[in-house]
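S.K.: start_32.cif is the file, holding mmCIF, C-alpha atoms:
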data_coords
#
loop_
_atom_site.label_atom_id
_atom_site.label_comp_id
_atom_site.auth_asym_id
_atom_site.auth_seq_id
_atom_site.Cartn_x
_atom_site.Cartn_y
_atom_site.Cartn_z
CA MET K 1 0.00 0.00 0.00
CA PRO K 2 1.22 3.56 -0.63
CA THR K 3 2.34 5.48 2.41
CA HIS K 4 1.23 9.03 3.09
CA LYS K 5 3.48 9.68 6.03
CA PRO K 6 5.01 13.15 5.88
CA ILE K 7 8.71 13.45 5.16
CA ILE K 8 10.48 14.73 8.26
CA GLY K 9 11.63 18.30 7.74
CA LEU K 10 9.38 18.91 4.70
CA ASN K 11 5.95 20.52 5.05
CA ASP K 12 2.97 21.63 3.01
CA ALA K 13 1.81 25.24 3.09
CA PHE K 14 -1.70 26.38 2.25
CA GLY K 15 -4.32 28.98 3.13
CA ALA K 16 -3.23 31.91 5.26
CA GLN K 17 0.33 30.62 5.58
CA ALA K 18 0.84 30.43 1.81
CA LYS K 19 -0.75 33.86 1.35
CA ALA K 20 1.50 35.39 4.01
CA LEU K 21 4.61 34.01 2.30
CA ARG K 22 3.57 35.32 -1.12
CA ASN K 23 2.78 38.75 0.33
CA LEU K 24 6.17 38.93 2.05
CA GLN K 25 7.93 37.69 -1.07
CA GLY K 26 6.26 40.35 -3.19
CA SER K 27 7.11 43.10 -0.73
CA ILE K 28 10.79 42.15 -0.53
CA LEU K 29 11.22 41.57 -4.27
CA GLY K 30 9.62 44.96 -4.84
CA LEU K 31 12.20 46.47 -2.50
CA PHE K 32 15.02 44.80 -4.44
CA GLU K 33 13.63 46.00 -7.79
CA THR K 34 13.42 49.58 -6.52
CA ALA K 35 17.07 49.31 -5.47
CA GLY K 36 18.05 48.34 -9.02
CA TYR K 37 18.32 44.56 -8.66
CA GLU K 38 17.09 42.33 -11.49
CA GLU K 39 15.41 39.03 -10.64
CA VAL K 40 16.98 35.73 -11.69
CA ILE K 41 15.11 32.40 -11.55
CA PRO K 42 17.63 29.53 -11.68
CA PRO K 43 16.51 25.89 -12.02
CA ILE K 44 16.08 23.87 -8.84
CA LEU K 45 18.57 21.27 -10.17
CA GLU K 46 22.28 21.76 -10.87
CA ARG K 47 25.32 19.70 -11.71
CA PRO K 48 26.93 18.70 -8.39
CA ASP K 49 30.32 20.06 -9.49
CA SER K 50 28.71 23.43 -10.24
CA MET K 51 27.07 23.60 -6.81
CA ASN K 52 30.23 22.52 -5.03
CA SER K 53 32.86 24.28 -7.16
CA GLY K 54 35.80 25.79 -5.31
CA ALA K 55 34.68 27.51 -2.12
CA GLY K 56 31.21 26.07 -2.66
CA ARG K 57 32.59 22.66 -1.66
CA PHE K 58 31.43 23.47 1.87
CA LEU K 59 27.88 22.91 0.64
CA ALA K 60 28.58 19.29 -0.29
CA ASP K 61 27.29 17.70 2.92
CA GLN K 62 24.04 19.68 2.67
CA THR K 63 23.36 18.84 -0.97
CA VAL K 64 21.06 16.00 -2.06
CA VAL K 65 22.50 14.26 -5.14
CA PHE K 66 20.69 11.68 -7.29
CA SER K 67 21.03 9.91 -10.62
CA ASP K 68 18.84 11.40 -13.35
CA PRO K 69 16.52 8.75 -14.85
CA ALA K 70 16.51 10.75 -18.11
CA GLY K 71 20.22 10.08 -18.56
CA ALA K 72 21.74 13.43 -17.61
CA GLY K 73 24.00 11.78 -15.04
CA SER K 74 24.27 12.94 -11.43
CA LEU K 75 22.16 15.95 -10.50
CA ALA K 76 21.89 17.97 -7.29
CA ILE K 77 18.92 19.66 -5.65
CA ARG K 78 20.15 23.13 -4.77
CA SER K 79 20.86 23.73 -1.09
CA ASP K 80 21.82 27.36 -1.66
CA MET K 81 21.24 29.75 -4.57
CA THR K 82 24.44 31.80 -4.40
CA PRO K 83 26.52 29.20 -6.32
CA GLN K 84 23.90 29.31 -9.06
CA ILE K 85 24.19 33.10 -9.30
CA ALA K 86 27.98 32.71 -9.45
CA ARG K 87 27.62 30.25 -12.33
CA ILE K 88 25.26 32.56 -14.23
CA ALA K 89 27.54 35.58 -13.71
CA ALA K 90 30.59 33.61 -14.89
CA THR K 91 28.90 32.15 -17.98
CA ARG K 92 25.71 33.62 -19.41
CA LEU K 93 26.39 37.15 -18.09
CA GLN K 94 30.17 37.09 -18.39
CA HIS K 95 30.31 40.26 -20.51
CA GLU K 96 28.62 42.41 -17.84
CA LYS K 97 31.17 44.25 -15.69
CA GLU K 98 28.71 44.91 -12.87
CA LEU K 99 25.67 42.84 -11.92
CA LYS K 100 22.94 43.43 -9.38
CA LEU K 101 20.79 40.32 -9.16
CA CYS K 102 18.07 39.10 -6.80
CA TYR K 103 16.21 35.80 -6.40
CA SER K 104 13.55 34.03 -4.39
CA GLY K 105 12.88 30.32 -4.47
CA THR K 106 12.91 26.98 -2.69
CA VAL K 107 16.12 25.29 -1.57
CA MET K 108 16.41 21.96 0.22
CA LEU K 109 19.01 20.89 2.75
CA ALA K 110 20.18 17.32 3.23
CA ARG K 111 19.56 17.83 6.94
CA PRO K 112 18.10 20.71 8.98
CA ASP K 113 20.36 23.50 10.27
CA VAL K 114 19.08 22.90 13.78
CA ARG K 115 17.50 19.90 15.48
CA GLY K 116 13.81 19.78 14.69
CA GLY K 117 14.19 22.43 12.00
CA SER K 118 13.01 22.39 8.42
CA ARG K 119 14.95 21.02 5.47
CA GLN K 120 13.10 23.29 3.06
CA GLN K 121 13.72 27.02 2.92
CA TRP K 122 12.38 29.80 0.75
CA GLN K 123 15.67 31.53 0.13
CA THR K 124 15.44 35.18 -0.91
CA GLY K 125 18.34 37.54 -1.38
CA VAL K 126 20.59 39.69 -3.55
CA GLU K 127 24.05 39.45 -5.08
CA CYS K 128 26.07 42.58 -5.87
CA LEU K 129 28.83 41.67 -8.32
CA GLY K 130 31.70 43.67 -9.76
CA ILE K 131 31.83 46.49 -7.19
CA LYS K 132 35.22 46.37 -5.47
CA GLY K 133 36.15 47.55 -2.00
CA SER K 134 33.71 48.51 0.71
CA ALA K 135 31.18 50.15 -1.64
CA GLY K 136 29.54 46.82 -2.54
CA ASP K 137 29.54 45.65 1.08
CA ILE K 138 27.90 48.86 2.27
CA GLU K 139 25.24 48.82 -0.44
CA VAL K 140 24.29 45.24 0.38
CA MET K 141 24.23 45.93 4.13
CA HIS K 142 21.87 48.88 3.62
CA LEU K 143 19.57 46.69 1.55
CA ALA K 144 19.71 43.95 4.20
CA ALA K 145 18.65 46.46 6.84
CA ARG K 146 15.74 47.65 4.69
CA THR K 147 14.72 44.02 4.16
CA LEU K 148 14.46 43.43 7.91
CA LEU K 149 12.39 46.60 8.28
CA ALA K 150 10.14 45.57 5.38
CA ALA K 151 9.60 42.20 7.09
CA GLY K 152 8.15 44.08 10.07
CA PHE K 153 10.96 43.71 12.59
CA ASN K 154 11.48 46.47 15.15
CA ARG K 155 14.97 47.79 15.83
CA PRO K 156 16.93 45.12 13.89
CA VAL K 157 20.66 44.72 14.41
CA LEU K 158 23.39 43.90 11.89
CA GLN K 159 26.38 42.23 13.51
CA VAL K 160 29.43 42.49 11.24
CA GLY K 161 32.49 40.23 11.31
CA HIS K 162 35.31 39.07 9.04
CA ILE K 163 36.30 35.47 8.30
CA GLY K 164 39.93 36.60 8.06
CA LEU K 165 40.01 37.12 11.84
CA LEU K 166 39.33 33.45 12.57
CA LYS K 167 41.68 32.28 9.82
CA ALA K 168 44.48 34.36 11.34
CA LEU K 169 43.81 33.05 14.85
CA VAL K 170 43.81 29.35 13.89
CA VAL K 171 46.45 29.45 11.14
CA GLU K 172 48.65 27.06 13.17
CA SER K 173 45.82 24.59 13.85
CA ASP K 174 45.60 21.19 12.16
CA LEU K 175 41.79 21.29 12.29
CA SER K 176 39.62 22.31 9.34
CA LEU K 177 38.03 25.73 9.33
CA ASP K 178 34.51 24.33 9.44
CA ILE K 179 35.25 22.69 12.80
CA TRP K 180 36.30 26.06 14.21
CA THR K 181 33.32 27.95 12.80
CA THR K 182 30.89 25.37 14.15
CA ARG K 183 32.42 25.51 17.62
CA ILE K 184 32.58 29.30 17.75
CA SER K 185 28.99 29.61 16.57
CA ARG K 186 27.92 27.87 19.78
CA ARG K 187 29.24 30.88 21.78
CA SER K 188 30.32 28.64 24.66
CA PRO K 189 33.72 29.32 26.33
CA ASP K 190 33.69 25.89 28.02
CA ASP K 191 32.92 24.14 24.75
CA LEU K 192 35.68 26.03 22.94
CA SER K 193 38.17 25.36 25.74
CA GLU K 194 37.77 21.63 25.18
CA LEU K 195 38.75 22.08 21.54
CA LEU K 196 41.65 24.38 22.37
CA ALA K 197 43.04 21.72 24.73
CA THR K 198 43.71 19.53 21.69
CA GLN K 199 45.67 22.25 19.89
CA ALA K 200 48.97 24.07 20.37
CA LEU K 201 48.01 27.60 19.43
CA PRO K 202 49.87 30.71 20.63
CA LYS K 203 48.57 31.94 23.98
CA ALA K 204 47.44 35.25 22.46
CA SER K 205 45.34 33.39 19.90
CA GLU K 206 43.78 31.11 22.52
CA GLU K 207 42.83 34.06 24.71
CA ALA K 208 41.39 35.94 21.75
CA LEU K 209 39.25 32.97 20.71
CA ILE K 210 37.83 32.59 24.22
CA GLU K 211 37.03 36.30 24.33
CA MET K 212 35.29 36.06 20.96
CA VAL K 213 32.79 33.47 22.17
CA SER K 214 32.34 35.37 25.43
CA GLY K 215 30.64 38.23 23.60
CA VAL K 216 33.24 40.97 24.06
CA ALA K 217 34.83 41.04 20.58
CA ASP K 218 33.49 44.44 19.50
CA GLN K 219 35.18 47.51 17.98
CA GLN K 220 37.17 48.29 21.10
CA TRP K 221 38.30 44.67 21.35
CA LEU K 222 39.52 44.74 17.75
CA LYS K 223 41.49 47.94 18.31
CA ALA K 224 43.04 46.52 21.49
CA HIS K 225 44.26 43.42 19.63
CA LEU K 226 45.89 45.20 16.71
CA GLY K 227 49.57 44.29 16.64
CA CYS K 228 49.08 41.42 19.10
CA ILE K 229 48.26 38.45 16.83
CA ASN K 230 49.72 38.59 13.30
CA ASP K 231 49.62 40.66 10.13
CA ASP K 232 46.63 38.79 8.68
CA PHE K 233 44.61 39.52 11.81
CA ASP K 234 45.48 43.21 11.58
CA THR K 235 44.47 43.35 7.91
CA ALA K 236 41.06 41.81 8.59
CA ALA K 237 40.51 43.88 11.74
CA ASN K 238 41.34 47.15 10.00
CA GLU K 239 39.02 46.30 7.10
CA LEU K 240 36.19 45.51 9.51
CA LEU K 241 36.76 48.62 11.64
CA ALA K 242 36.83 50.87 8.56
CA LEU K 243 33.59 49.37 7.25
CA VAL K 244 31.69 49.74 10.52
CA GLU K 245 32.98 53.31 10.93
CA GLU K 246 31.96 54.20 7.37
CA VAL K 247 28.49 52.76 7.82
CA GLY K 248 28.17 54.37 11.27
CA ASP K 249 24.67 55.60 12.00
CA LYS K 250 23.73 56.06 8.35
CA MET K 251 21.25 53.17 8.29
CA GLU K 252 17.65 54.21 7.73
CA GLY K 253 15.13 53.47 10.44
CA HIS K 254 16.08 52.13 13.84
CA VAL K 255 18.84 49.77 12.65
CA THR K 256 22.01 49.25 14.68
CA VAL K 257 25.32 48.14 13.16
CA HIS K 258 28.25 46.96 15.25
CA ALA K 259 31.33 44.78 14.91
CA ASP K 260 31.42 41.29 16.38
CA ALA K 261 34.43 39.12 15.58
CA ALA K 262 32.44 36.00 16.53
CA VAL K 263 30.02 36.33 13.59
CA MET K 264 30.50 33.16 11.57
CA PRO K 265 29.29 32.35 8.04
CA ARG K 266 26.32 30.09 7.46
CA PHE K 267 28.29 28.44 4.65
CA LEU K 268 32.06 28.61 4.36
CA TYR K 269 32.32 30.10 0.89
CA HIS K 270 32.70 33.62 2.29
CA SER K 271 36.14 35.17 1.94
CA GLY K 272 35.92 38.53 3.72
CA ILE K 273 33.31 40.65 5.48
CA LEU K 274 30.42 38.74 7.10
CA PHE K 275 27.20 39.98 8.65
CA ALA K 276 24.16 38.53 10.36
CA GLY K 277 20.79 40.19 10.90
CA PHE K 278 18.99 39.91 14.24
CA ALA K 279 15.56 41.12 15.28
CA GLU K 280 14.20 42.20 18.63
CA ASP K 281 13.05 39.26 20.78
CA VAL K 282 14.44 36.71 18.26
CA ALA K 283 17.29 34.58 19.62
CA HIS K 284 18.80 33.48 16.29
CA ALA K 285 19.96 35.26 13.15
CA VAL K 286 17.25 35.73 10.52
CA LEU K 287 19.54 36.95 7.73
CA HIS K 288 23.09 36.10 6.62
CA GLY K 289 25.48 37.77 4.19
CA GLY K 290 29.02 38.66 3.26
CA ARG K 291 31.71 38.78 0.60
CA TYR K 292 32.50 35.69 -1.50
CA ASP K 293 35.07 36.70 -4.13
CA ALA K 294 36.71 33.26 -3.84
CA MET K 295 33.61 31.50 -5.16
CA MET K 296 33.58 33.71 -8.24
CA SER K 297 37.23 32.84 -8.88
CA ALA K 298 36.37 29.15 -8.57
CA HIS K 299 33.75 29.60 -11.30
CA GLY K 300 36.40 31.10 -13.59
CA ARG K 301 35.70 34.80 -13.15
CA ASP K 302 37.77 37.18 -11.03
CA MET K 303 34.97 39.39 -9.73
CA ALA K 304 34.12 41.12 -6.47
CA ALA K 305 30.94 39.68 -4.96
CA THR K 306 28.85 40.47 -1.90
CA GLY K 307 25.34 39.31 -1.06
CA PHE K 308 22.87 38.26 1.59
CA SER K 309 19.93 35.91 1.88
CA CYS K 310 17.13 35.08 4.27
CA ASP K 311 14.56 32.32 4.56
CA LEU K 312 11.05 33.71 4.18
CA TRP K 313 9.62 30.90 6.33
CA ALA K 314 12.06 31.84 9.10
CA LEU K 315 11.07 35.50 8.82
CA LEU K 316 7.37 34.61 9.10
CA ASN K 317 7.95 32.26 12.03
CA ALA K 318 10.04 34.90 13.80
#
Spell out the structure here as structure tokens.
M.R.:
Amino acid sequence: MPTHKPIIGLNDAFGAQAKALRNLQGSILGLFETAGYEEVIPPILERPDSMNSGAGRFLADQTVVFSDPAGAGSLAIRSDMTPQIARIAATRLQHEKELKLCYSGTVMLARPDVRGGSRQQWQTGVECLGIKGSAGDIEVMHLAARTLLAAGFNRPVLQVGHIGLLKALVVESDLSLDIWTTRISRRSPDDLSELLATQALPKASEEALIEMVSGVADQQWLKAHLGCINDDFDTAANELLALVEEVGDKMEGHVTVHADAAVMPRFLYHSGILFAGFAEDVAHAVLHGGRYDAMMSAHGRDMAATGFSCDLWALLNA
């Protein structure tokens, strides 16, 4: 007999819930269009090597791969749309020097981000390509802030970090970067201390890592650690400090921006500035973004790239 048991982590949406999602989607896509971003609708399936190319390899364990019965070989259900935008920019739109693209569609994860969470997300976001330096980062951060306001959140916060800080602190570690990002994302000094006990990092790096997960790694912390770790740390710290200072209080509405060295990427294809959006009375980030030049290089195009995305279901539930 056929079974009608629901698939764990996948749900139907209908009635008021479906209407609410479509209304929110229309509002946010309208915001993107007004800001000069053109919508792209990529297919839900990709070649696995396209999804996981270069820096995108960190998506591999979240990507469902299957053999196509029509004979196209192995195919992947997208777990993130940014690699698809990178592919499009490096191939079909390769003659455009600057690109401002937006998207909204379903992605599916091999397993939920959190226990009991959903494997399906309605990923919506923008990619700003070809604008070098801080200009692209700032433009995308402003649009991220307006997105949180458009979603109805009061007094949202953008926490801004830089993946180069962590890379500089653990450069002498024999552990992979994803192990470090996962542990730091837990924001637990005791948990991190257990990991540090297995490593032989410089004392200054160990102390800095513990301080990061303790919630004190703000602008003043960054300034105090300049010249204390290594040159790579100073480069990332100065870039982050300059960006936060340039943004300052220029965000529209009641949006706060501040540095936090413990901000970690959702996926490890980011290669520079990172940011996460938080809303009042919501314990987890509802928006993620940052710079990912390395992924563009992996797709064969040397191009500056910054973007952000959010899950519309998560916004509605929050």
S.K.: Restricting the calculation to all atoms listed in the file: of K:Gly227, K:Gly152, K:Gly300, K:Pro83, which residue gets closest to Ser50 (chain K)?
M.R.: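 Nearest candidate to Ser50 (chain K) out of K:Gly227, K:Gly152, K:Gly300, K:Pro83: K:Pro83.
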S.K.: How would you write as a count of residues only the residues that get within 7 Å of (32.4, 47.2, 5.2) in the file's frame, counting all atoms listed in the file?
M.R.: 9
S.K.: Report, in Å to a single decimal, how far apart CA of Val157 (chain K) and CA of Phe278 (chain K) are.
M.R.: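 Value for the CA of Phe278 (chain K)-CA of Val157 (chain K) distance: 5.1 Å.
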S.K.: Can you pull out the residues contacting Leu315 (chain K)? Cut-off 12 Å, using all atoms listed in the file, and skip same-chain residues under 2 positions away; I want them as a ChimeraX atom specification.
M.R.: /K:20-21,24-25,28,121-124,147-153,277-279,282,284-287,309-313,317-318
S.K.: If you apply the PyMOL selection byres ((chain K and resi 135) around 12) to this file, what residues do you get, as an mmCIF file with C-alpha atoms, in the frame of the given file?
M.R.:
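Ended up saving to result_7.cif:
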data_model
loop_
_atom_site.group_PDB
_atom_site.id
_atom_site.type_symbol
_atom_site.label_atom_id
_atom_site.label_comp_id
_atom_site.auth_asym_id
_atom_site.auth_seq_id
_atom_site.Cartn_x
_atom_site.Cartn_y
_atom_site.Cartn_z
ATOM 1 C CA CYS K 128 26.070 42.580 -5.870
ATOM 2 C CA LEU K 129 28.830 41.670 -8.320
ATOM 3 C CA GLY K 130 31.700 43.670 -9.760
ATOM 4 C CA ILE K 131 31.830 46.490 -7.190
ATOM 5 C CA LYS K 132 35.220 46.370 -5.470
ATOM 6 C CA GLY K 133 36.150 47.550 -2.000
ATOM 7 C CA SER K 134 33.710 48.510 0.710
ATOM 8 C CA GLY K 136 29.540 46.820 -2.540
ATOM 9 C CA ASP K 137 29.540 45.650 1.080
ATOM 10 C CA ILE K 138 27.900 48.860 2.270
ATOM 11 C CA GLU K 139 25.240 48.820 -0.440
ATOM 12 C CA VAL K 140 24.290 45.240 0.380
ATOM 13 C CA MET K 141 24.230 45.930 4.130
ATOM 14 C CA HIS K 142 21.870 48.880 3.620
ATOM 15 C CA ALA K 242 36.830 50.870 8.560
ATOM 16 C CA LEU K 243 33.590 49.370 7.250
ATOM 17 C CA GLU K 246 31.960 54.200 7.370
ATOM 18 C CA VAL K 247 28.490 52.760 7.820
ATOM 19 C CA ARG K 291 31.710 38.780 0.600
ATOM 20 C CA ALA K 304 34.120 41.120 -6.470
ATOM 21 C CA ALA K 305 30.940 39.680 -4.960
ATOM 22 C CA THR K 306 28.850 40.470 -1.900
#
S.K.: From the options K:Ser118, K:Asn230, K:Ser205, K:Ser74, which residue's atoms come nearest to Ile8 (chain K), counting all atoms listed in the file?
M.R.: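 Closest residue, counting all atoms listed in the file: K:Ser118.
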S.K.: Which value, in Å to one decimal, gives the distance between CA of Ala89 (chain K) and CA of Arg111 (chain K)?
M.R.: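 Straight-line distance from CA of Ala89 (chain K) to CA of Arg111 (chain K) works out to 28.4 Å.
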S.K.: At what distance in Å, to one decimal, does CA of Arg155 (chain K) lie from CA of Ile210 (chain K)?
M.R.: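 Between CA of Ile210 (chain K) and CA of Arg155 (chain K) the gap works out to 28.7 Å.
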S.K.: Using only C-alpha atoms, pick whichever of K:Ala283, K:Ile229, K:Ala262, K:Leu59 has the shortest atom-to-atom distance to Ile163 (chain K).
M.R.: K:Ala262
S.K.: Could you tell me, as a list in words, which residues have any atom at most 9 Å from (38.1, 25.1, 19.2), counting all atoms listed in the file?
M.R.: Val170, Leu175, Ile179, Trp180, Thr181, Thr182, Arg183, Ile184, Asp191, Leu192, Ser193, Glu194, Leu195, Leu196, Ala197, Thr198, Gln199, Glu206 and Leu209 of chain K
S.K.: Name the closest residue to Ile41 (chain K) among the candidates K:Val171, K:Ile88, K:Ser214, K:Leu143; distances are taken between atoms, counting all atoms listed in the file.
M.R.: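 Ranking K:Val171, K:Ile88, K:Ser214, K:Leu143 by distance to Ile41 (chain K), first place goes to K:Ile88.
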S.K.: Tell me which residues the PyMOL selection byres ((chain K and resi 82) around 12) grabs here, as number ranges by chain.
M.R.: K: 40-42, 50-53, 55-56, 59, 78-81, 83-89, 101-105, 107, 123-129, 267, 269-270, 288-293, 295-296, 299, 305-310
S.K.: I would like the residues chosen by the PyMOL selection byres ((chain K and resi 46) around 6) on the shown file; could you give them as a list in words?
M.R.: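 The output of the PyMOL selection byres ((chain K and resi 46) around 6) on this file is Leu45, Arg47, Leu75 and Ala76 of chain K.
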S.K.: Counting only C-alpha atoms, figure out which residue out of K:Thr63, K:Gln120, K:Asn23, K:Thr91 gets nearest to Asn11 (chain K).
M.R.: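 Between K:Thr63, K:Gln120, K:Asn23, K:Thr91, the residue approaching Asn11 (chain K) most closely is K:Gln120.
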